[in-house]
>>> print(open('structure23.cif').read())   # mmCIF, C-alpha atoms
data_query
#
loop_
_atom_site.group_PDB
_atom_site.id
_atom_site.type_symbol
_atom_site.label_atom_id
_atom_site.label_comp_id
_atom_site.auth_asym_id
_atom_site.auth_seq_id
_atom_site.Cartn_x
_atom_site.Cartn_y
_atom_site.Cartn_z
ATOM 1 C CA MET A 1 -15.093 -2.405 15.560
ATOM 2 C CA ASN A 2 -15.228 1.401 15.617
ATOM 3 C CA THR A 3 -18.262 3.667 15.917
ATOM 4 C CA GLU A 4 -18.516 4.447 12.213
ATOM 5 C CA GLU A 5 -18.441 0.781 11.195
ATOM 6 C CA THR A 6 -20.863 -0.146 13.966
ATOM 7 C CA GLY A 7 -23.301 2.572 12.918
ATOM 8 C CA ARG A 8 -23.248 1.349 9.321
ATOM 9 C CA ARG A 9 -23.775 -2.240 10.439
ATOM 10 C CA ILE A 10 -26.773 -1.285 12.588
ATOM 11 C CA ALA A 11 -28.311 0.814 9.811
ATOM 12 C CA ARG A 12 -27.841 -1.938 7.248
ATOM 13 C CA ALA A 13 -29.509 -4.537 9.464
ATOM 14 C CA LEU A 14 -32.413 -2.191 10.208
ATOM 15 C CA LYS A 15 -32.905 -1.366 6.542
ATOM 16 C CA GLU A 16 -33.012 -5.053 5.624
ATOM 17 C CA ALA A 17 -35.623 -5.593 8.355
ATOM 18 C CA GLY A 18 -37.852 -2.872 6.908
ATOM 19 C CA ALA A 19 -37.232 0.009 9.320
ATOM 20 C CA VAL A 20 -38.372 3.339 7.878
ATOM 21 C CA SER A 21 -35.443 5.439 9.176
ATOM 22 C CA PRO A 22 -32.502 3.045 9.623
ATOM 23 C CA ALA A 23 -29.715 5.652 9.698
ATOM 24 C CA PHE A 24 -31.547 7.782 12.253
ATOM 25 C CA GLU A 25 -32.277 4.783 14.475
ATOM 26 C CA ALA A 26 -28.676 3.598 14.236
ATOM 27 C CA ALA A 27 -27.516 6.992 15.487
ATOM 28 C CA VAL A 28 -30.037 6.907 18.347
ATOM 29 C CA ILE A 29 -28.921 3.425 19.401
ATOM 30 C CA LEU A 30 -25.262 4.446 19.402
ATOM 31 C CA ARG A 31 -25.972 7.574 21.460
ATOM 32 C CA PHE A 32 -28.021 5.571 23.942
ATOM 33 C CA VAL A 33 -25.474 2.800 24.467
ATOM 34 C CA LEU A 34 -22.360 4.980 24.469
ATOM 35 C CA GLY A 35 -23.990 7.713 26.543
ATOM 36 C CA VAL A 36 -22.380 10.531 24.565
ATOM 37 C CA PRO A 37 -23.746 13.277 22.263
ATOM 38 C CA GLN A 38 -24.026 12.715 18.530
ATOM 39 C CA THR A 39 -21.420 15.423 17.919
ATOM 40 C CA ARG A 40 -18.830 13.428 19.853
ATOM 41 C CA ILE A 41 -19.621 10.243 17.941
ATOM 42 C CA MET A 42 -19.247 12.093 14.640
ATOM 43 C CA ALA A 43 -16.002 13.727 15.774
ATOM 44 C CA HIS A 44 -14.453 10.362 16.699
ATOM 45 C CA PRO A 45 -15.540 7.847 14.022
ATOM 46 C CA ASP A 46 -12.496 5.654 14.730
ATOM 47 C CA ALA A 47 -13.243 5.229 18.444
ATOM 48 C CA GLU A 48 -13.433 1.552 19.293
ATOM 49 C CA ILE A 49 -16.623 0.013 20.674
ATOM 50 C CA SER A 50 -16.020 -1.990 23.853
ATOM 51 C CA ALA A 51 -17.146 -5.595 24.119
ATOM 52 C CA GLU A 52 -19.708 -4.583 26.741
ATOM 53 C CA ASP A 53 -21.188 -1.856 24.538
ATOM 54 C CA SER A 54 -21.163 -4.151 21.523
ATOM 55 C CA ALA A 55 -23.159 -6.731 23.475
ATOM 56 C CA ALA A 56 -25.664 -4.055 24.554
ATOM 57 C CA ILE A 57 -26.078 -2.954 20.941
ATOM 58 C CA GLY A 58 -26.649 -6.560 19.938
ATOM 59 C CA ARG A 59 -29.430 -6.985 22.496
ATOM 60 C CA ILE A 60 -31.178 -3.807 21.368
ATOM 61 C CA LEU A 61 -30.802 -4.705 17.708
ATOM 62 C CA ALA A 62 -32.231 -8.200 18.222
ATOM 63 C CA ARG A 63 -35.414 -6.731 19.675
ATOM 64 C CA ARG A 64 -35.634 -4.027 17.036
ATOM 65 C CA LEU A 65 -35.226 -6.550 14.206
ATOM 66 C CA ASN A 66 -38.330 -8.221 15.613
ATOM 67 C CA ARG A 67 -39.995 -4.850 14.848
ATOM 68 C CA GLU A 68 -40.448 -3.899 18.489
ATOM 69 C CA PRO A 69 -40.575 -0.082 18.604
ATOM 70 C CA LEU A 70 -37.277 1.513 19.548
ATOM 71 C CA GLN A 71 -39.130 3.789 21.974
ATOM 72 C CA TYR A 72 -40.168 0.748 24.028
ATOM 73 C CA ILE A 73 -36.728 -0.842 23.848
ATOM 74 C CA LEU A 74 -34.917 2.272 25.067
ATOM 75 C CA GLY A 75 -37.672 3.235 27.497
ATOM 76 C CA SER A 76 -37.582 6.935 26.673
ATOM 77 C CA TRP A 77 -38.025 9.288 23.721
ATOM 78 C CA ASP A 78 -37.872 12.969 22.855
ATOM 79 C CA PHE A 79 -41.015 15.036 22.293
ATOM 80 C CA PHE A 80 -41.163 18.806 21.942
ATOM 81 C CA GLY A 81 -37.601 19.122 23.232
ATOM 82 C CA ARG A 82 -38.064 17.004 26.350
ATOM 83 C CA VAL A 83 -37.404 13.385 27.281
ATOM 84 C CA PHE A 84 -40.402 11.207 28.158
ATOM 85 C CA ASP A 85 -40.610 7.723 29.642
ATOM 86 C CA THR A 86 -42.085 5.429 26.986
ATOM 87 C CA PRO A 87 -42.782 2.028 28.571
ATOM 88 C CA PRO A 88 -44.585 -0.768 26.717
ATOM 89 C CA GLY A 89 -48.353 -0.572 26.962
ATOM 90 C CA VAL A 90 -48.569 3.193 26.467
ATOM 91 C CA LEU A 91 -49.035 4.987 23.140
ATOM 92 C CA ILE A 92 -45.730 6.241 21.739
ATOM 93 C CA PRO A 93 -45.458 10.036 21.258
ATOM 94 C CA ARG A 94 -45.185 10.922 17.586
ATOM 95 C CA PRO A 95 -43.645 13.995 15.958
ATOM 96 C CA GLU A 96 -46.932 14.842 14.212
ATOM 97 C CA THR A 97 -48.496 15.472 17.609
ATOM 98 C CA GLU A 98 -46.075 18.336 18.225
ATOM 99 C CA LEU A 99 -48.224 20.360 15.811
ATOM 100 C CA LEU A 100 -51.173 19.966 18.193
ATOM 101 C CA VAL A 101 -49.048 21.371 21.019
ATOM 102 C CA GLU A 102 -47.848 24.282 18.876
ATOM 103 C CA LYS A 103 -51.369 25.295 17.872
ATOM 104 C CA ALA A 104 -52.705 24.907 21.419
ATOM 105 C CA LEU A 105 -49.961 27.185 22.720
ATOM 106 C CA GLU A 106 -50.891 29.803 20.126
ATOM 107 C CA LEU A 107 -54.452 29.762 21.474
ATOM 108 C CA ALA A 108 -53.610 29.560 25.178
ATOM 109 C CA PRO A 109 -54.421 32.672 27.244
ATOM 110 C CA GLY A 110 -51.370 34.801 27.863
ATOM 111 C CA ASP A 111 -52.152 35.242 31.561
ATOM 112 C CA GLY A 112 -52.835 31.635 32.482
ATOM 113 C CA GLY A 113 -55.875 29.497 31.897
ATOM 114 C CA ALA A 114 -57.089 25.924 32.244
ATOM 115 C CA PHE A 115 -57.089 22.988 29.848
ATOM 116 C CA LEU A 116 -58.139 19.356 29.548
ATOM 117 C CA ASP A 117 -56.026 16.807 27.683
ATOM 118 C CA TRP A 118 -58.227 13.761 27.147
ATOM 119 C CA GLY A 119 -56.329 10.577 26.231
ATOM 120 C CA THR A 120 -53.073 11.875 27.671
ATOM 121 C CA GLY A 121 -50.994 8.692 27.227
ATOM 122 C CA THR A 122 -47.437 9.522 28.302
ATOM 123 C CA GLY A 123 -48.624 13.018 29.190
ATOM 124 C CA CYS A 124 -46.605 14.486 26.328
ATOM 125 C CA ILE A 125 -49.255 17.026 25.254
ATOM 126 C CA ALA A 126 -50.274 18.188 28.732
ATOM 127 C CA LEU A 127 -46.720 18.312 30.024
ATOM 128 C CA SER A 128 -45.497 20.278 27.009
ATOM 129 C CA LEU A 129 -48.284 22.825 27.473
ATOM 130 C CA LEU A 130 -47.473 23.201 31.166
ATOM 131 C CA CYS A 131 -43.742 23.587 30.562
ATOM 132 C CA GLU A 132 -44.132 26.075 27.725
ATOM 133 C CA SER A 133 -46.855 28.200 29.355
ATOM 134 C CA LYS A 134 -46.119 28.643 33.050
ATOM 135 C CA GLY A 135 -49.528 30.143 33.841
ATOM 136 C CA LEU A 136 -51.534 27.159 32.617
ATOM 137 C CA THR A 137 -53.115 24.537 34.839
ATOM 138 C CA GLY A 138 -54.623 21.357 33.478
ATOM 139 C CA VAL A 139 -56.342 18.019 33.780
ATOM 140 C CA ALA A 140 -54.767 15.041 32.009
ATOM 141 C CA ALA A 141 -57.214 12.145 31.616
ATOM 142 C CA ASP A 142 -56.869 8.645 30.232
ATOM 143 C CA ARG A 143 -58.720 5.332 30.244
ATOM 144 C CA SER A 144 -55.518 3.402 30.939
ATOM 145 C CA PRO A 145 -54.098 3.210 34.493
ATOM 146 C CA ARG A 146 -50.721 2.319 32.992
ATOM 147 C CA ALA A 147 -50.790 5.475 30.888
ATOM 148 C CA LEU A 148 -51.657 7.593 33.923
ATOM 149 C CA ILE A 149 -48.760 6.138 35.917
ATOM 150 C CA THR A 150 -46.445 6.954 33.023
ATOM 151 C CA ALA A 151 -47.828 10.486 32.724
ATOM 152 C CA TRP A 152 -47.385 10.971 36.493
ATOM 153 C CA ASN A 153 -43.748 9.863 36.287
ATOM 154 C CA ASN A 154 -43.078 12.190 33.364
ATOM 155 C CA MET A 155 -44.717 15.143 35.092
ATOM 156 C CA LYS A 156 -42.778 14.470 38.275
ATOM 157 C CA ARG A 157 -39.533 14.419 36.280
ATOM 158 C CA HIS A 158 -40.340 17.773 34.694
ATOM 159 C CA GLN A 159 -41.756 19.263 37.920
ATOM 160 C CA VAL A 160 -45.260 20.175 36.751
ATOM 161 C CA LEU A 161 -47.362 17.877 38.961
ATOM 162 C CA ARG A 162 -48.527 20.782 41.124
ATOM 163 C CA ARG A 163 -50.307 22.298 38.122
ATOM 164 C CA CYS A 164 -51.969 19.173 36.751
ATOM 165 C CA LEU A 165 -54.648 16.761 37.958
ATOM 166 C CA LEU A 166 -54.389 13.255 36.515
ATOM 167 C CA TRP A 167 -57.753 11.525 36.180
ATOM 168 C CA HIS A 168 -58.759 7.959 35.322
ATOM 169 C CA SER A 169 -61.523 8.597 32.794
ATOM 170 C CA ARG A 170 -63.618 5.971 31.072
ATOM 171 C CA SER A 171 -65.404 8.671 29.075
ATOM 172 C CA PRO A 172 -65.171 12.456 28.670
ATOM 173 C CA ASP A 173 -68.289 12.797 30.854
ATOM 174 C CA ASP A 174 -66.812 11.500 34.117
ATOM 175 C CA ILE A 175 -64.226 14.222 34.774
ATOM 176 C CA PRO A 176 -64.974 16.641 37.656
ATOM 177 C CA ILE A 177 -64.660 19.900 35.734
ATOM 178 C CA SER A 178 -67.168 22.728 36.077
ATOM 179 C CA PRO A 179 -69.128 23.704 32.959
ATOM 180 C CA ALA A 180 -67.764 26.616 30.928
ATOM 181 C CA SER A 181 -64.479 26.643 32.867
ATOM 182 C CA LEU A 182 -61.867 25.584 30.291
ATOM 183 C CA ASP A 183 -59.855 27.761 27.946
ATOM 184 C CA LEU A 184 -58.502 24.783 25.988
ATOM 185 C CA PHE A 185 -59.727 21.259 25.294
ATOM 186 C CA VAL A 186 -57.119 19.160 23.482
ATOM 187 C CA SER A 187 -57.152 15.519 22.460
ATOM 188 C CA ASN A 188 -55.301 13.021 20.333
ATOM 189 C CA PRO A 189 -57.947 10.287 20.634
ATOM 190 C CA PRO A 190 -57.940 6.839 19.030
ATOM 191 C CA TYR A 191 -58.817 7.585 15.399
ATOM 192 C CA ILE A 192 -57.747 4.633 13.246
ATOM 193 C CA LYS A 193 -60.593 2.687 11.669
ATOM 194 C CA THR A 194 -60.859 -0.782 13.182
ATOM 195 C CA GLY A 195 -60.571 -2.410 9.772
ATOM 196 C CA HIS A 196 -57.338 -0.569 9.019
ATOM 197 C CA LEU A 197 -55.444 -1.733 12.109
ATOM 198 C CA PRO A 198 -54.174 -5.052 10.649
ATOM 199 C CA ALA A 199 -52.559 -3.229 7.710
ATOM 200 C CA LEU A 200 -50.472 -0.854 9.833
ATOM 201 C CA MET A 201 -46.712 -1.140 10.278
ATOM 202 C CA PRO A 202 -45.602 -4.187 12.324
ATOM 203 C CA GLU A 203 -44.390 -1.893 15.116
ATOM 204 C CA VAL A 204 -47.959 -0.771 15.795
ATOM 205 C CA ARG A 205 -48.874 -4.312 16.912
ATOM 206 C CA PHE A 206 -46.837 -3.641 20.058
ATOM 207 C CA GLU A 207 -48.895 -0.573 21.003
ATOM 208 C CA PRO A 208 -52.143 -0.755 23.012
ATOM 209 C CA ALA A 209 -55.113 -1.278 20.698
ATOM 210 C CA GLU A 210 -57.383 0.842 22.888
ATOM 211 C CA ALA A 211 -55.158 3.857 22.182
ATOM 212 C CA LEU A 212 -55.464 3.363 18.409
ATOM 213 C CA ASP A 213 -58.889 1.919 17.595
ATOM 214 C CA GLY A 214 -61.366 4.639 16.680
ATOM 215 C CA GLY A 215 -64.202 2.292 15.786
ATOM 216 C CA ALA A 216 -65.584 1.274 12.405
ATOM 217 C CA ASP A 217 -65.437 4.797 10.974
ATOM 218 C CA GLY A 218 -62.605 6.176 13.121
ATOM 219 C CA LEU A 219 -64.962 8.751 14.647
ATOM 220 C CA TYR A 220 -66.175 6.951 17.784
ATOM 221 C CA TRP A 221 -64.302 9.054 20.323
ATOM 222 C CA TYR A 222 -64.648 12.359 18.504
ATOM 223 C CA GLU A 223 -68.430 11.984 18.640
ATOM 224 C CA ARG A 224 -68.190 11.680 22.424
ATOM 225 C CA LEU A 225 -65.662 14.466 22.855
ATOM 226 C CA PHE A 226 -67.694 17.098 21.008
ATOM 227 C CA PRO A 227 -70.485 17.285 23.649
ATOM 228 C CA ALA A 228 -67.917 17.370 26.457
ATOM 229 C CA ALA A 229 -66.035 20.219 24.800
ATOM 230 C CA GLU A 230 -69.276 22.109 24.192
ATOM 231 C CA ARG A 231 -70.142 21.783 27.888
ATOM 232 C CA LEU A 232 -66.731 22.479 29.420
ATOM 233 C CA LEU A 233 -65.275 25.259 27.262
ATOM 234 C CA LYS A 234 -65.753 28.917 28.082
ATOM 235 C CA PRO A 235 -67.194 31.138 25.348
ATOM 236 C CA GLY A 236 -64.192 31.883 23.151
ATOM 237 C CA GLY A 237 -62.375 28.762 24.339
ATOM 238 C CA SER A 238 -60.704 26.426 21.842
ATOM 239 C CA LEU A 239 -61.060 22.744 20.983
ATOM 240 C CA LEU A 240 -58.176 21.070 19.159
ATOM 241 C CA PHE A 241 -58.125 17.508 17.830
ATOM 242 C CA GLU A 242 -55.390 15.530 16.160
ATOM 243 C CA ILE A 243 -56.852 13.714 13.151
ATOM 244 C CA GLY A 244 -55.792 11.040 10.692
ATOM 245 C CA ASP A 245 -56.590 12.272 7.195
ATOM 246 C CA ALA A 246 -58.591 14.628 4.968
ATOM 247 C CA GLU A 247 -61.654 12.356 4.943
ATOM 248 C CA GLN A 248 -61.752 12.457 8.724
ATOM 249 C CA ALA A 249 -61.333 16.232 8.700
ATOM 250 C CA GLU A 250 -64.343 16.681 6.422
ATOM 251 C CA SER A 251 -66.469 14.369 8.570
ATOM 252 C CA LEU A 252 -65.569 16.144 11.802
ATOM 253 C CA VAL A 253 -66.285 19.606 10.425
ATOM 254 C CA ARG A 254 -69.774 18.340 9.541
ATOM 255 C CA LEU A 255 -70.293 16.570 12.881
ATOM 256 C CA ALA A 256 -69.329 19.460 15.157
ATOM 257 C CA PRO A 257 -72.276 21.019 17.032
ATOM 258 C CA PRO A 258 -73.309 24.594 16.160
ATOM 259 C CA ALA A 259 -71.829 25.871 19.421
ATOM 260 C CA LEU A 260 -68.364 24.934 18.125
ATOM 261 C CA ALA A 261 -67.329 27.060 15.158
ATOM 262 C CA HIS A 262 -64.643 25.557 12.920
ATOM 263 C CA ALA A 263 -61.667 27.892 13.218
ATOM 264 C CA ALA A 264 -58.798 26.238 11.340
ATOM 265 C CA THR A 265 -57.343 23.124 9.730
ATOM 266 C CA HIS A 266 -53.577 22.742 10.122
ATOM 267 C CA ASP A 267 -51.405 20.516 7.922
ATOM 268 C CA ASP A 268 -48.416 18.541 9.187
ATOM 269 C CA PHE A 269 -44.930 18.521 7.647
ATOM 270 C CA SER A 270 -46.082 16.069 4.952
ATOM 271 C CA GLY A 271 -48.901 18.388 3.866
ATOM 272 C CA ALA A 272 -51.677 16.218 5.311
ATOM 273 C CA PRO A 273 -54.369 17.727 7.567
ATOM 274 C CA ARG A 274 -53.383 16.857 11.126
ATOM 275 C CA VAL A 275 -55.004 19.298 13.570
ATOM 276 C CA LEU A 276 -58.527 20.716 13.578
ATOM 277 C CA ALA A 277 -59.492 23.676 15.754
ATOM 278 C CA TRP A 278 -62.886 25.010 16.826
ATOM 279 C CA ARG A 279 -63.920 28.032 18.894
ATOM 280 C CA ARG A 280 -66.699 27.864 21.482
ATOM 281 C CA VAL A 281 -69.305 30.460 20.533
#
>>> encode(input="structure23.cif", output="structure tokens")
Amino acid sequence: MNTEETGRRIARALKEAGAVSPAFEAAVILRFVLGVPQTRIMAHPDAEISAEDSAAIGRILARRLNREPLQYILGSWDFFGRVFDTPPGVLIPRPETELLVEKALELAPGDGGAFLDWGTGTGCIALSLLCESKGLTGVAADRSPRALITAWNNMKRHQVLRRCLLWHSRSPDDIPISPASLDLFVSNPPYIKTGHLPALMPEVRFEPAEALDGGADGLYWYERLFPAAERLLKPGGSLLFEIGDAEQAESLVRLAPPALAHAATHDDFSGAPRVLAWRRV
């Protein structure tokens, strides 16, 4: 079977299983197994798939049809133009989170500065900030040792470990950062309401619940991050949160302490509010 036929077969099977982007995933699987760029696959649609590669595709497809996330199956994924390790047990980087990185970079000091990324997961936010702004230094904190190991591996791969401290943090209050010393405080905390978790896509069942569950109202971690940001940010420093929806945005604007002035609400590519920003007064 050639690459074009194989791609169609993969996409058809994924669509029947309920995958949201079957054609895209089929292309990713082919690129991964064949080890060649998409342009080469498209330029040679009649190239035959070897028996070995066909078997590898079959193994990947069997797991994916069970709704296991493709990011876990392949073990790596792209975020903000870079490849990240994405092992099971660590929250998968999502394209919506790239907006948080973009807005943080816009607010980062031009001559360096310091940031905290609380709930770093794979390290995708912290690492992207460090790679895009060479003067930044940061602390990447997470409650999960597995996440911190993954973040360490990703930062080693991209050669930014010398500018980042990784910290095992059970709460935003246990990180050794001096008061009023940060230029940026960024976080994509767990924000899904506990009662909404069972209704999410089947793939989400494979992800760690502690990285998703934001408590009964989805605000549990935000309420704990606000005081930490108020304490750690310099005057004029910025706090940026990823959020889930407009209802959450309205609640957080009301909950923020007076020392944090709401600066902006940024919508994602679907038009939904996704990033909130405050300035430390």
>>> atom_distance(input="structure23.cif", atom1="atom CA of A:Phe226", atom2="atom CA of A:Asp267")
21.2 Å
>>> residues_around(input="structure23.cif", residues="A:Met42", least_positions_apart="5", cutoff="12 Å", atoms="only C-alpha atoms", output="MDAnalysis selection string")
chainID A and resid 2:5 7 27 30:31 36:37 47
>>> atom_distance(input="structure23.cif", atom1="atom CA of A:Phe32", atom2="atom CA of A:Val20")
19.2 Å
>>> closest_residue(input="structure23.cif", among="A:Asp46, A:Glu223, A:Glu25, A:Glu247", to="A:Leu74", atoms="all atoms listed in the file")
A:Glu25
>>> resolve_selection(input="structure23.cif", expression="the PyMOL selection byres ((chain A and resi 233) around 8)", output="PyMOL selection string")
chain A and resi 179-185+229-232+234-239+280
>>> closest_residue(input="structure23.cif", among="A:Ala259, A:Leu225, A:Ala199, A:Val101", to="A:Gly81", atoms="all atoms listed in the file")
A:Val101
>>> atom_distance(input="structure23.cif", atom1="atom CA of A:Thr265", atom2="atom CA of A:Ser251")
12.7 Å
>>> closest_residue(input="structure23.cif", among="A:Ile57, A:Gly135, A:Thr150, A:Ala126", to="A:Gly75", atoms="all atoms listed in the file")
A:Thr150
>>> decode(input="structure23.cif", residues="stretch 2-23 of chain A", atoms="C-alpha atoms", output="CSV table (one decimal), in the first residue's frame")
chain,number,residue,atom,x,y,z
A,2,ASN,CA,1.3,3.5,-0.9
A,3,THR,CA,1.5,6.6,1.3
A,4,GLU,CA,-1.6,8.2,-0.1
A,5,GLU,CA,-3.8,5.1,0.4
A,6,THR,CA,-2.3,4.5,3.9
A,7,GLY,CA,-3.0,8.1,4.9
A,8,ARG,CA,-6.6,7.8,3.8
A,9,ARG,CA,-7.0,4.5,5.7
A,10,ILE,CA,-5.6,6.0,8.9
A,11,ALA,CA,-7.8,9.1,8.6
A,12,ARG,CA,-10.9,7.0,7.9
A,13,ALA,CA,-10.3,4.8,10.9
A,14,LEU,CA,-9.7,7.8,13.2
A,15,LYS,CA,-12.8,9.6,12.0
A,16,GLU,CA,-14.9,6.5,12.7
A,17,ALA,CA,-13.4,6.4,16.2
A,18,GLY,CA,-14.4,10.0,16.9
A,19,ALA,CA,-11.1,11.8,16.5
A,20,VAL,CA,-11.6,15.5,16.1
A,21,SER,CA,-8.8,16.0,13.5
A,22,PRO,CA,-8.4,12.7,11.7
A,23,ALA,CA,-6.6,14.0,8.5
